[in-house]
Amino acid sequence: MAQKGILAFSGGLDTSVVVKYLQEEHNMDVVTVTVDVGQGDDHKKIAAKAKKLGVKKHYNIDAKKEFVEEYIFPSIKANALYQKKYCLATALARPLIAKKVLEIAKKEKVSALAHGCSGKGNDQVRFDISLRSGSNLPIIAPIRDKNLDRETELAFAEKHGISIDKVAKKFSIDQNLWGRAIEGGELEDPFNEPPDEAFIWIQTKNLPDRPTYLEITFERGIPIAVDGKKLEPIKLIEYINKKAGKAGVGIVDHIEDRVVGIKSREVYETPAASCLIEAHQDLEKMVHSKHQNKFKSIIDDEWAYLAYSGLWNDPLKTDLDSFIENSQRFVSGIVKLKLFKGSMRVVGRKSHYSLYNQEVATYGKGSTFDQKLAKGFVELWGIQSTEANKLQEKRSTKT
Ligand code: ARG
């Protein structure tokens with residue numbers, strides 16, 4: 001009996017090539033798993049594609065709810081932006097996909113785990129480590145093992161009658177509810193402006209002449225309502241993706257440091273993520289003390305770094321999760337965002353737990369803040385700095 005291999009299957013170029021490779025070079029029966037994290041693909045088409053490739057069994061797992069509640073929401077609480085820019089859309093989905101693949105691997109009693117990642121990207125790191133955390137089965141990664149490039153893959157696909165759509169031919173795309181990543185092609189020259197055709201979620205032309213407002217309600221760090229309407233987690237993200245996308249908001253273009261050391265030019269469409277993280281972070285500033293704000297930003301950076309780097313299950317990440325979860329107990333309130341022709345900014349916020357006190361802050365009459373106390377405070381606050389400057393200047397002129 002042929003050995004059985006399992007593969008996380010998107011229906012794209014890489015994973016289609018891997019199916020054929022497992023069948024032909026490893027003589028394996030292939031089980032494919034498509035995990036729906038909101039990539040918006042047609043399940044039936046993917047299942048038909050898998051069938052056409054001759055897989056033994058194909059699974060489609062709807063993991064959207066779990067993705068939002070267990071992966072996206074924690075990332076909002078952590079204001080997670082890798083290198084201050086990337087909302088981790090792809091990075092967050094990988095441990096969940098691996099988890100689902102492992103569940104089916106057990107059920108199907110497979111003898112090998114496979115993925116379609118190259119040896120140049122971050123996804124191999126995320127898949128390998130997540131799969132390894134739950135299984136000792138061999139991992140087969142043909143694109144990496146054979147050092148395949150896109151041209152060779154496209155030729156291989158053509159030879160095997162694997163159809164690839166036009167945008168996918170031009171760019172390498174990965175998308176889910178939290179964002180759309182666009183890489184490759186003309187974007188590989190970091191000085192080239194991304195062409196309009198690269199964007200699907202975000203309008204880049206004929207943007208509305210009037211601003212769009214978004215009012216986001218958070219409860220304990222989680223968005224629960226938008227524009228006064230309570231929305232289920234998935235709907236909420238879809239709603240903001242649409243609304244902000246129409247206002248041209250959410251394009252990110254930056255140079256990213258991959259785990260393997262390569263610098264890459266990354267372009268993203270992340271309307272909901274950009275708005276929600278901006279709003280959440282703003283609300284935290286209102287309800288947290290200055291010391292909490294300063295310390296949490298260090299924790300947040302580390303959280304994003306671990307999630308990006310495939311260390312989702314590292315004990316340190318679990319420790320940080322506990323800290324972050326506890327820090328969210330007063331992060332409840334409403335943040336108002338103004339979106340206009342591609343720009344986005346917070347224009348209002350309120351919270352029952354606000355530490356902002358207008359009576360103290362006002363420059364007007366009747367402030368309860370006694371300015372006279374500030375004089376002594378400032379003197380002591382700066383004593384080391386001012387003395388150091390004076391002393392060191394004196395000593396350096398002597399020697
Ligand atoms: N650089 C991002 C990450 O590592 C996105 C990768 C997206 N993949 C793609 N084939 N476009 O998470």
# chains A, B, ... in the order shown; residues from 1 in each chain; ligands from 1

call {"tool": "residues_around", "arguments": {"residues": "Val17 (chain A)", "least_positions_apart": "3", "cutoff": "7 Å", "atoms": "only C-alpha atoms", "output": "ChimeraX atom specification"}}
result
/A:13-14,20-21,153,157

call {"tool": "write_last_selection", "arguments": {"atoms": "N, CA and C atoms", "output": "mmCIF file, in the first residue's frame"}}
result
data_model
loop_
_atom_site.group_PDB
_atom_site.id
_atom_site.type_symbol
_atom_site.label_atom_id
_atom_site.label_comp_id
_atom_site.auth_asym_id
_atom_site.auth_seq_id
_atom_site.Cartn_x
_atom_site.Cartn_y
_atom_site.Cartn_z
ATOM 1 N N LEU A 13 -0.089 27.941 -6.828
ATOM 2 C CA LEU A 13 0.992 27.315 -7.589
ATOM 3 C C LEU A 13 1.824 26.343 -6.737
ATOM 4 N N ASP A 14 2.326 26.844 -5.607
ATOM 5 C CA ASP A 14 3.252 26.032 -4.804
ATOM 6 C C ASP A 14 2.636 24.711 -4.342
ATOM 7 N N LYS A 20 1.684 17.008 -6.922
ATOM 8 C CA LYS A 20 2.242 16.168 -7.998
ATOM 9 C C LYS A 20 3.575 15.553 -7.580
ATOM 10 N N TYR A 21 4.354 16.367 -6.895
ATOM 11 C CA TYR A 21 5.678 15.923 -6.473
ATOM 12 C C TYR A 21 5.583 14.748 -5.487
ATOM 13 N N GLU A 153 8.677 26.304 -11.439
ATOM 14 C CA GLU A 153 7.373 25.830 -10.954
ATOM 15 C C GLU A 153 6.284 26.062 -11.992
ATOM 16 N N ALA A 157 4.064 23.306 -13.647
ATOM 17 C CA ALA A 157 2.602 23.368 -13.565
ATOM 18 C C ALA A 157 1.998 23.199 -14.957
#

call {"tool": "residues_around", "arguments": {"residues": "region 298-307 of chain A", "least_positions_apart": "6", "cutoff": "8 Å", "atoms": "only C-alpha atoms", "output": "ChimeraX atom specification"}}
result
/A:75,78-83,88,91-92,314,317,320,324

call {"tool": "write_last_selection", "arguments": {"atoms": "N, CA and C atoms", "output": "tab-separated table (two decimals), in the first residue's frame"}}
result
chain	number	residue	atom	x	y	z
A	75	SER	N	-3.82	39.48	18.89
A	75	SER	CA	-2.86	40.38	18.22
A	75	SER	C	-3.30	41.84	18.34
A	78	ALA	N	-2.27	43.02	21.61
A	78	ALA	CA	-0.82	43.24	21.64
A	78	ALA	C	-0.40	44.36	20.67
A	79	ASN	N	-1.37	45.05	20.08
A	79	ASN	CA	-1.06	46.08	19.06
A	79	ASN	C	-0.01	45.56	18.09
A	80	ALA	N	-0.16	44.31	17.69
A	80	ALA	CA	0.95	43.62	17.02
A	80	ALA	C	1.24	44.11	15.61
A	81	LEU	N	2.34	44.80	15.49
A	81	LEU	CA	2.84	45.24	14.18
A	81	LEU	C	4.33	44.91	14.14
A	82	TYR	N	4.68	43.92	13.33
A	82	TYR	CA	6.10	43.56	13.21
A	82	TYR	C	6.85	44.72	12.56
A	83	GLN	N	7.94	45.08	13.13
A	83	GLN	CA	8.73	46.23	12.70
A	83	GLN	C	7.86	47.47	12.53
A	88	LEU	N	0.86	41.08	10.63
A	88	LEU	CA	1.06	39.64	10.83
A	88	LEU	C	-0.02	38.74	10.25
A	91	ALA	N	1.38	35.49	9.20
A	91	ALA	CA	2.07	34.87	10.34
A	91	ALA	C	1.09	34.27	11.36
A	92	LEU	N	-0.04	34.96	11.57
A	92	LEU	CA	-1.00	34.48	12.56
A	92	LEU	C	-1.75	33.23	12.08
A	314	ASP	N	5.95	29.24	21.77
A	314	ASP	CA	7.05	29.34	22.74
A	314	ASP	C	6.50	29.75	24.11
A	317	LYS	N	5.98	33.39	24.76
A	317	LYS	CA	4.78	33.99	24.17
A	317	LYS	C	3.57	33.77	25.10
A	320	LEU	N	3.86	36.22	27.88
A	320	LEU	CA	3.48	37.57	27.44
A	320	LEU	C	1.96	37.67	27.30
A	324	ILE	N	-0.44	40.49	28.83
A	324	ILE	CA	-1.27	41.32	27.94
A	324	ILE	C	-2.75	41.18	28.31

call {"tool": "select_by_dssp", "arguments": {"residues": "region 36-141 of chain A", "states": "helix (DSSP H, G or I)", "output": "PyMOL selection string"}}
result
chain A and resi 43-52+64-77+89-108+123-134

call {"tool": "atom_distance", "arguments": {"atom1": "CA of Arg150 (chain A)", "atom2": "CA of Ser10 (chain A)"}}
result
16.4 Å

call {"tool": "atom_distance", "arguments": {"atom1": "CA of Arg180 (chain A)", "atom2": "atom 2 (C, counted along the ligand's line) of ligand 1"}}
result
9.4 Å

call {"tool": "closest_atom_pairs", "arguments": {"of": "chain A", "to": "ligand 1", "cutoff": "6 Å", "atoms": "only C-alpha atoms and all ligand atoms", "output": "Markdown table"}}
result
| residue | atom | partner | partner_atom_place_in_ligand_line | distance |
| --- | --- | --- | --- | --- |
| A:Leu88 | CA | ligand 1 | 12 (O) | 5.6 |
| A:Thr90 | CA | ligand 1 | 12 (O) | 4.4 |
| A:Ala91 | CA | ligand 1 | 12 (O) | 4.5 |
| A:Asn122 | CA | ligand 1 | 4 (O) | 4.8 |
| A:Ser172 | CA | ligand 1 | 11 (N) | 4.7 |
| A:Ile173 | CA | ligand 1 | 11 (N) | 4.1 |
| A:Asp174 | CA | ligand 1 | 11 (N) | 4.5 |
| A:Ala181 | CA | ligand 1 | 11 (N) | 4.8 |
| A:Ile182 | CA | ligand 1 | 11 (N) | 4.9 |
| A:Glu183 | CA | ligand 1 | 11 (N) | 4.9 |

call {"tool": "write_last_selection", "arguments": {"atoms": "C-alpha atoms", "output": "compact mmCIF listing (two decimals), in the first residue's frame"}}
result
# COMPACT_ATOMS: atom_id res chain seq x y z
CA LEU A 88 1.06 39.64 10.83
CA THR A 90 0.04 35.53 7.21
CA ALA A 91 2.07 34.87 10.34
CA ASN A 122 9.05 32.84 6.95
CA SER A 172 2.79 36.09 -5.06
CA ILE A 173 -0.32 36.62 -2.95
CA ASP A 174 -1.39 35.42 0.45
CA ALA A 181 0.16 40.30 1.21
CA ILE A 182 1.50 41.04 -2.25
CA GLU A 183 5.05 40.15 -3.17

call {"tool": "closest_residue", "arguments": {"among": "A:Glu215, A:Glu278, A:Asp253, A:Glu158", "to": "Val335 (chain A)", "atoms": "only C-alpha atoms"}}
result
A:Glu215
